$ cat run30.pdb   # PDB, C-alpha atoms, pLDDT in the B column
MODEL        1
ATOM      1  CA  MET Y   1      94.126  17.452  56.566  1.00 53.00           C
ATOM      2  CA  GLY Y   2      93.513  19.943  59.336  1.00 57.00           C
ATOM      3  CA  LYS Y   3      91.535  19.262  62.475  1.00 59.00           C
ATOM      4  CA  ASN Y   4      88.567  21.303  61.227  1.00 65.00           C
ATOM      5  CA  ASP Y   5      88.546  19.493  57.873  1.00 71.00           C
ATOM      6  CA  TYR Y   6      88.284  16.127  59.616  1.00 69.00           C
ATOM      7  CA  GLY Y   7      85.331  17.359  61.722  1.00 72.00           C
ATOM      8  CA  ARG Y   8      83.663  18.804  58.640  1.00 79.00           C
ATOM      9  CA  THR Y   9      84.057  15.490  56.797  1.00 85.00           C
ATOM     10  CA  LYS Y  10      82.484  13.582  59.690  1.00 86.00           C
ATOM     11  CA  TRP Y  11      79.633  16.069  59.861  1.00 88.00           C
ATOM     12  CA  THR Y  12      79.053  15.839  56.103  1.00 90.00           C
ATOM     13  CA  THR Y  13      79.013  12.033  56.323  1.00 91.00           C
ATOM     14  CA  ILE Y  14      76.431  12.142  59.124  1.00 93.00           C
ATOM     15  CA  GLN Y  15      74.282  14.586  57.178  1.00 93.00           C
ATOM     16  CA  GLU Y  16      74.398  12.347  54.110  1.00 93.00           C
ATOM     17  CA  GLU Y  17      73.437   9.298  56.200  1.00 94.00           C
ATOM     18  CA  GLU Y  18      70.545  11.251  57.762  1.00 94.00           C
ATOM     19  CA  ARG Y  19      69.367  12.307  54.289  1.00 93.00           C
ATOM     20  CA  LYS Y  20      69.447   8.689  53.078  1.00 94.00           C
ATOM     21  CA  LEU Y  21      67.610   7.503  56.201  1.00 93.00           C
ATOM     22  CA  LYS Y  22      64.943  10.189  55.766  1.00 92.00           C
ATOM     23  CA  GLN Y  23      64.531   9.193  52.109  1.00 92.00           C
ATOM     24  CA  ARG Y  24      64.204   5.509  53.072  1.00 91.00           C
ATOM     25  CA  ARG Y  25      61.665   6.387  55.784  1.00 88.00           C
ATOM     26  CA  ARG Y  26      59.592   8.362  53.236  1.00 88.00           C
ATOM     27  CA  GLN Y  27      59.762   5.409  50.837  1.00 89.00           C
ATOM     28  CA  LEU Y  28      58.550   2.975  53.508  1.00 87.00           C
ATOM     29  CA  MET Y  29      55.740   5.333  54.514  1.00 86.00           C
ATOM     30  CA  ALA Y  30      54.698   5.619  50.872  1.00 88.00           C
ATOM     31  CA  GLU Y  31      54.519   1.817  50.598  1.00 91.00           C
ATOM     32  CA  CYS Y  32      52.491   1.357  53.814  1.00 93.00           C
ATOM     33  CA  ASP Y  33      48.762   0.699  53.421  1.00 94.00           C
ATOM     34  CA  HIS Y  34      48.171   1.163  57.167  1.00 94.00           C
ATOM     35  CA  ARG Y  35      46.972  -2.427  57.525  1.00 94.00           C
ATOM     36  CA  ASP Y  36      48.350  -5.242  59.653  1.00 94.00           C
ATOM     37  CA  PRO Y  37      50.207  -7.540  57.221  1.00 92.00           C
ATOM     38  CA  GLU Y  38      48.953 -10.672  59.008  1.00 94.00           C
ATOM     39  CA  THR Y  39      45.296  -9.817  59.615  1.00 93.00           C
ATOM     40  CA  GLY Y  40      44.627  -7.198  56.928  1.00 92.00           C
ATOM     41  CA  LYS Y  41      42.887  -5.014  59.496  1.00 94.00           C
ATOM     42  CA  LEU Y  42      43.567  -1.307  59.838  1.00 94.00           C
ATOM     43  CA  ALA Y  43      46.606  -0.583  61.991  1.00 95.00           C
ATOM     44  CA  ILE Y  44      45.719   2.944  62.999  1.00 95.00           C
ATOM     45  CA  LYS Y  45      45.233   4.440  66.426  1.00 96.00           C
ATOM     46  CA  ALA Y  46      43.237   7.539  67.357  1.00 96.00           C
ATOM     47  CA  ILE Y  47      45.483  10.305  68.678  1.00 96.00           C
ATOM     48  CA  ASP Y  48      42.776  12.856  69.496  1.00 95.00           C
ATOM     49  CA  ASP Y  49      39.021  13.367  69.361  1.00 94.00           C
ATOM     50  CA  ARG Y  50      39.085  15.321  66.075  1.00 95.00           C
ATOM     51  CA  GLY Y  51      39.613  12.281  63.841  1.00 95.00           C
ATOM     52  CA  ASN Y  52      43.405  12.394  63.744  1.00 96.00           C
ATOM     53  CA  VAL Y  53      45.030   8.965  63.665  1.00 97.00           C
ATOM     54  CA  ARG Y  54      48.550   7.490  63.520  1.00 96.00           C
ATOM     55  CA  CYS Y  55      49.558   4.325  61.695  1.00 95.00           C
ATOM     56  CA  LYS Y  56      51.066   1.811  64.112  1.00 95.00           C
ATOM     57  CA  LEU Y  57      53.356   0.508  61.372  1.00 94.00           C
ATOM     58  CA  CYS Y  58      54.852   3.551  59.655  1.00 92.00           C
ATOM     59  CA  GLY Y  59      53.927   6.408  61.992  1.00 92.00           C
ATOM     60  CA  MET Y  60      52.075   8.426  59.325  1.00 92.00           C
ATOM     61  CA  GLU Y  61      49.572  10.798  60.884  1.00 95.00           C
ATOM     62  CA  PHE Y  62      46.423  11.840  59.044  1.00 95.00           C
ATOM     63  CA  ASN Y  63      42.845  12.884  59.648  1.00 95.00           C
ATOM     64  CA  SER Y  64      40.217  10.168  59.160  1.00 94.00           C
ATOM     65  CA  VAL Y  65      37.216  12.500  58.787  1.00 94.00           C
ATOM     66  CA  MET Y  66      35.636  12.240  55.332  1.00 93.00           C
ATOM     67  CA  VAL Y  67      36.743  15.040  53.004  1.00 94.00           C
ATOM     68  CA  PRO Y  68      33.871  16.954  51.361  1.00 94.00           C
ATOM     69  CA  GLU Y  69      33.862  16.537  47.577  1.00 92.00           C
ATOM     70  CA  SER Y  70      34.131  20.294  46.917  1.00 94.00           C
ATOM     71  CA  GLU Y  71      37.161  20.581  49.229  1.00 96.00           C
ATOM     72  CA  LEU Y  72      38.812  17.572  47.592  1.00 95.00           C
ATOM     73  CA  ASN Y  73      38.301  18.989  44.090  1.00 95.00           C
ATOM     74  CA  GLU Y  74      39.601  22.402  45.170  1.00 97.00           C
ATOM     75  CA  SER Y  75      42.735  20.782  46.639  1.00 96.00           C
ATOM     76  CA  ILE Y  76      43.300  18.777  43.454  1.00 96.00           C
ATOM     77  CA  ASP Y  77      42.986  21.961  41.374  1.00 96.00           C
ATOM     78  CA  THR Y  78      45.482  23.764  43.635  1.00 97.00           C
ATOM     79  CA  LEU Y  79      48.017  20.925  43.333  1.00 96.00           C
ATOM     80  CA  HIS Y  80      47.493  20.763  39.558  1.00 96.00           C
ATOM     81  CA  ASN Y  81      48.197  24.498  39.264  1.00 96.00           C
ATOM     82  CA  ALA Y  82      51.310  24.314  41.476  1.00 95.00           C
ATOM     83  CA  ILE Y  83      52.682  21.333  39.532  1.00 94.00           C
ATOM     84  CA  GLN Y  84      52.095  23.004  36.162  1.00 94.00           C
ATOM     85  CA  GLN Y  85      53.772  26.185  37.398  1.00 94.00           C
ATOM     86  CA  ILE Y  86      56.825  24.211  38.552  1.00 91.00           C
ATOM     87  CA  ARG Y  87      56.965  22.413  35.206  1.00 90.00           C
ATOM     88  CA  SER Y  88      56.551  25.683  33.263  1.00 90.00           C
ATOM     89  CA  TYR Y  89      59.249  27.626  35.074  1.00 89.00           C
ATOM     90  CA  SER Y  90      61.829  24.846  35.361  1.00 86.00           C
ATOM     91  CA  GLY Y  91      64.831  24.755  33.058  1.00 78.00           C
ATOM     92  CA  ARG Y  92      63.983  22.590  30.062  1.00 76.00           C
ATOM     93  CA  LYS Y  93      67.276  20.712  29.924  1.00 77.00           C
ATOM     94  CA  GLU Y  94      68.475  20.877  33.515  1.00 75.00           C
ATOM     95  CA  ASP Y  95      65.180  19.833  35.080  1.00 82.00           C
ATOM     96  CA  ARG Y  96      63.945  17.326  32.470  1.00 87.00           C
ATOM     97  CA  ASN Y  97      63.612  14.510  35.038  1.00 88.00           C
ATOM     98  CA  LEU Y  98      61.683  16.828  37.363  1.00 88.00           C
ATOM     99  CA  ILE Y  99      59.353  17.901  34.565  1.00 90.00           C
ATOM    100  CA  VAL Y 100      58.587  14.279  33.629  1.00 91.00           C
ATOM    101  CA  ALA Y 101      58.193  13.152  37.262  1.00 91.00           C
ATOM    102  CA  PHE Y 102      55.809  16.008  38.059  1.00 92.00           C
ATOM    103  CA  GLY Y 103      53.862  15.315  34.871  1.00 92.00           C
ATOM    104  CA  LYS Y 104      53.301  11.741  36.053  1.00 94.00           C
ATOM    105  CA  LEU Y 105      52.413  12.989  39.533  1.00 93.00           C
ATOM    106  CA  ASP Y 106      49.842  15.381  38.069  1.00 94.00           C
ATOM    107  CA  ALA Y 107      48.281  12.549  36.062  1.00 93.00           C
ATOM    108  CA  ASP Y 108      48.032  10.448  39.233  1.00 93.00           C
ATOM    109  CA  ILE Y 109      46.557  13.329  41.236  1.00 93.00           C
ATOM    110  CA  GLU Y 110      43.787  13.694  38.659  1.00 89.00           C
ATOM    111  CA  THR Y 111      42.504  10.213  39.653  1.00 93.00           C
ATOM    112  CA  ILE Y 112      42.253  10.988  43.389  1.00 93.00           C
ATOM    113  CA  ALA Y 113      38.624  12.183  43.331  1.00 90.00           C
ATOM    114  CA  GLU Y 114      37.518   9.093  41.405  1.00 91.00           C
ATOM    115  CA  GLN Y 115      39.414   6.723  43.715  1.00 91.00           C
ATOM    116  CA  TYR Y 116      38.189   8.552  46.830  1.00 92.00           C
ATOM    117  CA  GLY Y 117      34.612   8.148  45.654  1.00 88.00           C
ATOM    118  CA  ARG Y 118      35.114   4.458  44.964  1.00 88.00           C
ATOM    119  CA  VAL Y 119      37.004   3.566  48.138  1.00 88.00           C
ATOM    120  CA  ILE Y 120      35.712   6.008  50.774  1.00 86.00           C
ATOM    121  CA  ARG Y 121      32.269   7.199  49.691  1.00 77.00           C
ATOM    122  CA  ASP Y 122      31.049   3.757  48.501  1.00 73.00           C
ATOM    123  CA  PRO Y 123      32.438   1.495  51.238  1.00 64.00           C
ATOM    124  CA  GLU Y 124      29.901  -1.300  50.769  1.00 63.00           C
ATOM    125  CA  SER Y 125      31.500  -2.151  47.440  1.00 59.00           C
ATOM    126  CA  ARG Y 126      34.622  -3.193  49.392  1.00 56.00           C
ATOM    127  CA  PHE Y 127      32.878  -5.691  51.654  1.00 54.00           C
ATOM    128  CA  ASN Y 128      32.810  -9.415  51.122  1.00 48.00           C
ATOM    129  CA  LYS Y 129      29.493 -10.408  49.544  1.00 47.00           C
ATOM    130  CA  LYS Y 130      29.284 -13.496  51.810  1.00 49.00           C
ATOM    131  CA  LYS Y 131      29.241 -11.406  54.979  1.00 48.00           C
ATOM    132  CA  LYS Y 132      26.147 -12.385  56.974  1.00 46.00           C
ATOM    133  CA  LYS Y 133      25.438  -9.253  58.981  1.00 50.00           C
ATOM    134  CA  LYS Y 134      24.672  -6.152  56.958  1.00 51.00           C
ATOM    135  CA  HIS Y 135      24.437  -2.650  58.345  1.00 49.00           C
ATOM    136  CA  LYS Y 136      22.829   0.403  56.849  1.00 50.00           C
ATOM    137  CA  HIS Y 137      25.213   2.533  54.813  1.00 49.00           C
ATOM    138  CA  ASN Y 138      24.794   5.393  57.319  1.00 48.00           C
ATOM    139  CA  ASP Y 139      26.114   3.201  60.120  1.00 48.00           C
ATOM    140  CA  TYR Y 140      29.599   2.987  58.588  1.00 47.00           C
ATOM    141  CA  ASP Y 141      32.391   5.308  59.631  1.00 52.00           C
ATOM    142  CA  SER Y 142      34.573   7.282  57.219  1.00 50.00           C
ATOM    143  CA  PHE Y 143      36.700   4.198  56.536  1.00 52.00           C
ATOM    144  CA  GLY Y 144      33.694   2.042  55.717  1.00 50.00           C
ATOM    145  CA  PHE Y 145      33.680   0.072  58.942  1.00 49.00           C
ATOM    146  CA  TYR Y 146      30.781  -0.245  61.324  1.00 42.00           C
ATOM    147  CA  GLY Y 147      31.128   1.834  64.478  1.00 41.00           C
ATOM    148  CA  ALA Y 148      34.652   2.410  65.739  1.00 42.00           C
ATOM    149  CA  ASP Y 149      35.945  -0.904  64.421  1.00 44.00           C
ATOM    150  CA  SER Y 150      38.533   0.790  62.267  1.00 47.00           C
ATOM    151  CA  VAL Y 151      40.414   2.532  65.064  1.00 47.00           C
ATOM    152  CA  SER Y 152      42.373   1.091  67.950  1.00 45.00           C
ATOM    153  CA  TYR Y 153      41.977   2.939  71.199  1.00 40.00           C
ATOM    154  CA  GLY Y 154      44.334   0.704  73.163  1.00 41.00           C
ATOM    155  CA  SER Y 155      47.841   1.460  74.284  1.00 40.00           C
ATOM    156  CA  GLY Y 156      49.304  -0.979  71.799  1.00 41.00           C
ATOM    157  CA  GLY Y 157      49.512  -3.882  74.231  1.00 40.00           C
ATOM    158  CA  GLY Y 158      47.125  -6.568  73.021  1.00 39.00           C
ATOM    159  CA  ARG Y 159      43.779  -6.122  71.352  1.00 36.00           C
ATOM    160  CA  SER Y 160      41.519  -3.354  72.539  1.00 36.00           C
ATOM    161  CA  LYS Y 161      37.733  -3.122  72.352  1.00 36.00           C
ATOM    162  CA  GLY Y 162      37.892  -0.698  69.413  1.00 37.00           C
ATOM    163  CA  TRP Y 163      39.977  -3.038  67.291  1.00 32.00           C
ATOM    164  CA  ARG Y 164      38.278  -5.565  65.049  1.00 29.00           C
TER     165      ARG Y 164
ENDMDL
END
$ encode --input "run30.pdb" --output "structure tokens"
Amino acid sequence: MGKNDYGRTKWTTIQEEERKLKQRRRQLMAECDHRDPETGKLAIKAIDDRGNVRCKLCGMEFNSVMVPESELNESIDTLHNAIQQIRSYSGRKEDRNLIVAFGKLDADIETIAEQYGRVIRDPESRFNKKKKKKHKHNDYDSFGFYGADSVSYGSGGGRSKGWR
């Protein structure tokens, strides 16, 4: 084996390890519910004043501003069309696993609007019925928490005022 072949083999091994690590990271992010496993409270931190937040556990960044229903439905339709195009133009035999996986994904995507309405737009349904203090529905933020209770503004050291 020549000197260049040995270097190429090492490089290929590193690339494969990076690919596996990236895949594992994506899997962990997909499993994260952005809640502290001990307290059950949201583990997100504001990263700007436009509603963007980062999960303290997995690092996922997303915008916490409520999505308008029309925009959500339009996005679902766009994803549905893209998925069906991929499924239509894939090779029937070669890409069978892809076709099935995307079919399942499309079925799951179709439930997003319903779940968003249940979890985000009707937050009071998620609260414990025994809770003593009730707030008006309009007082809740986009995550269904009163005020800024759902977002940590601290530097990560200890509990901050914005953290419930």
$ resolve_selection --input "run30.pdb" --expression "the PyMOL selection byres ((chain Y and resi 47-54) around 9)" --output "PyMOL selection string"
chain Y and resi 34+43-46+55-65+151+153
$ write_last_selection --input "run30.pdb" --atoms "C-alpha atoms" --output "PDB file, keeping the file's coordinate frame"
ATOM      1  CA  HIS Y  34      48.171   1.163  57.167  1.00 94.00           C
ATOM      2  CA  ALA Y  43      46.606  -0.583  61.991  1.00 95.00           C
ATOM      3  CA  ILE Y  44      45.719   2.944  62.999  1.00 95.00           C
ATOM      4  CA  LYS Y  45      45.233   4.440  66.426  1.00 96.00           C
ATOM      5  CA  ALA Y  46      43.237   7.539  67.357  1.00 96.00           C
ATOM      6  CA  CYS Y  55      49.558   4.325  61.695  1.00 95.00           C
ATOM      7  CA  LYS Y  56      51.066   1.811  64.112  1.00 95.00           C
ATOM      8  CA  LEU Y  57      53.356   0.508  61.372  1.00 94.00           C
ATOM      9  CA  CYS Y  58      54.852   3.551  59.655  1.00 92.00           C
ATOM     10  CA  GLY Y  59      53.927   6.408  61.992  1.00 92.00           C
ATOM     11  CA  MET Y  60      52.075   8.426  59.325  1.00 92.00           C
ATOM     12  CA  GLU Y  61      49.572  10.798  60.884  1.00 95.00           C
ATOM     13  CA  PHE Y  62      46.423  11.840  59.044  1.00 95.00           C
ATOM     14  CA  ASN Y  63      42.845  12.884  59.648  1.00 95.00           C
ATOM     15  CA  SER Y  64      40.217  10.168  59.160  1.00 94.00           C
ATOM     16  CA  VAL Y  65      37.216  12.500  58.787  1.00 94.00           C
ATOM     17  CA  VAL Y 151      40.414   2.532  65.064  1.00 47.00           C
ATOM     18  CA  TYR Y 153      41.977   2.939  71.199  1.00 40.00           C
TER      19      TYR Y 153
END
$ atom_distance --input "run30.pdb" --atom1 "atom CA of Y:Lys104" --atom2 "atom CA of Y:Arg26"
18.6 Å
$ residues_around --input "run30.pdb" --residues "Y:Asp77" --least-positions-apart "2" --cutoff "12 Å" --atoms "all atoms listed in the file" --output "list in words"
Ser70, Glu71, Leu72, Asn73, Glu74, Ser75, Leu79, His80, Asn81, Ala82, Ile83, Gln84, Asp106, Ile109, Glu110, Thr111, Ile112 and Ala113 of chain Y
$ resolve_selection --input "run30.pdb" --expression "the PyMOL selection byres ((chain Y and resi 87) around 12)" --output "list of chain:residue names"
Y:His80, Y:Asn81, Y:Ala82, Y:Ile83, Y:Gln84, Y:Gln85, Y:Ile86, Y:Ser88, Y:Tyr89, Y:Ser90, Y:Gly91, Y:Arg92, Y:Lys93, Y:Glu94, Y:Asp95, Y:Arg96, Y:Asn97, Y:Leu98, Y:Ile99, Y:Val100, Y:Ala101, Y:Phe102, Y:Gly103, Y:Lys104, Y:Leu105, Y:Asp106
$ atom_distance --input "run30.pdb" --atom1 "atom CA of Y:Leu28" --atom2 "atom CA of Y:Thr9"
28.6 Å
$ atom_distance --input "run30.pdb" --atom1 "atom CA of Y:Asp122" --atom2 "atom CA of Y:Met66"
11.8 Å
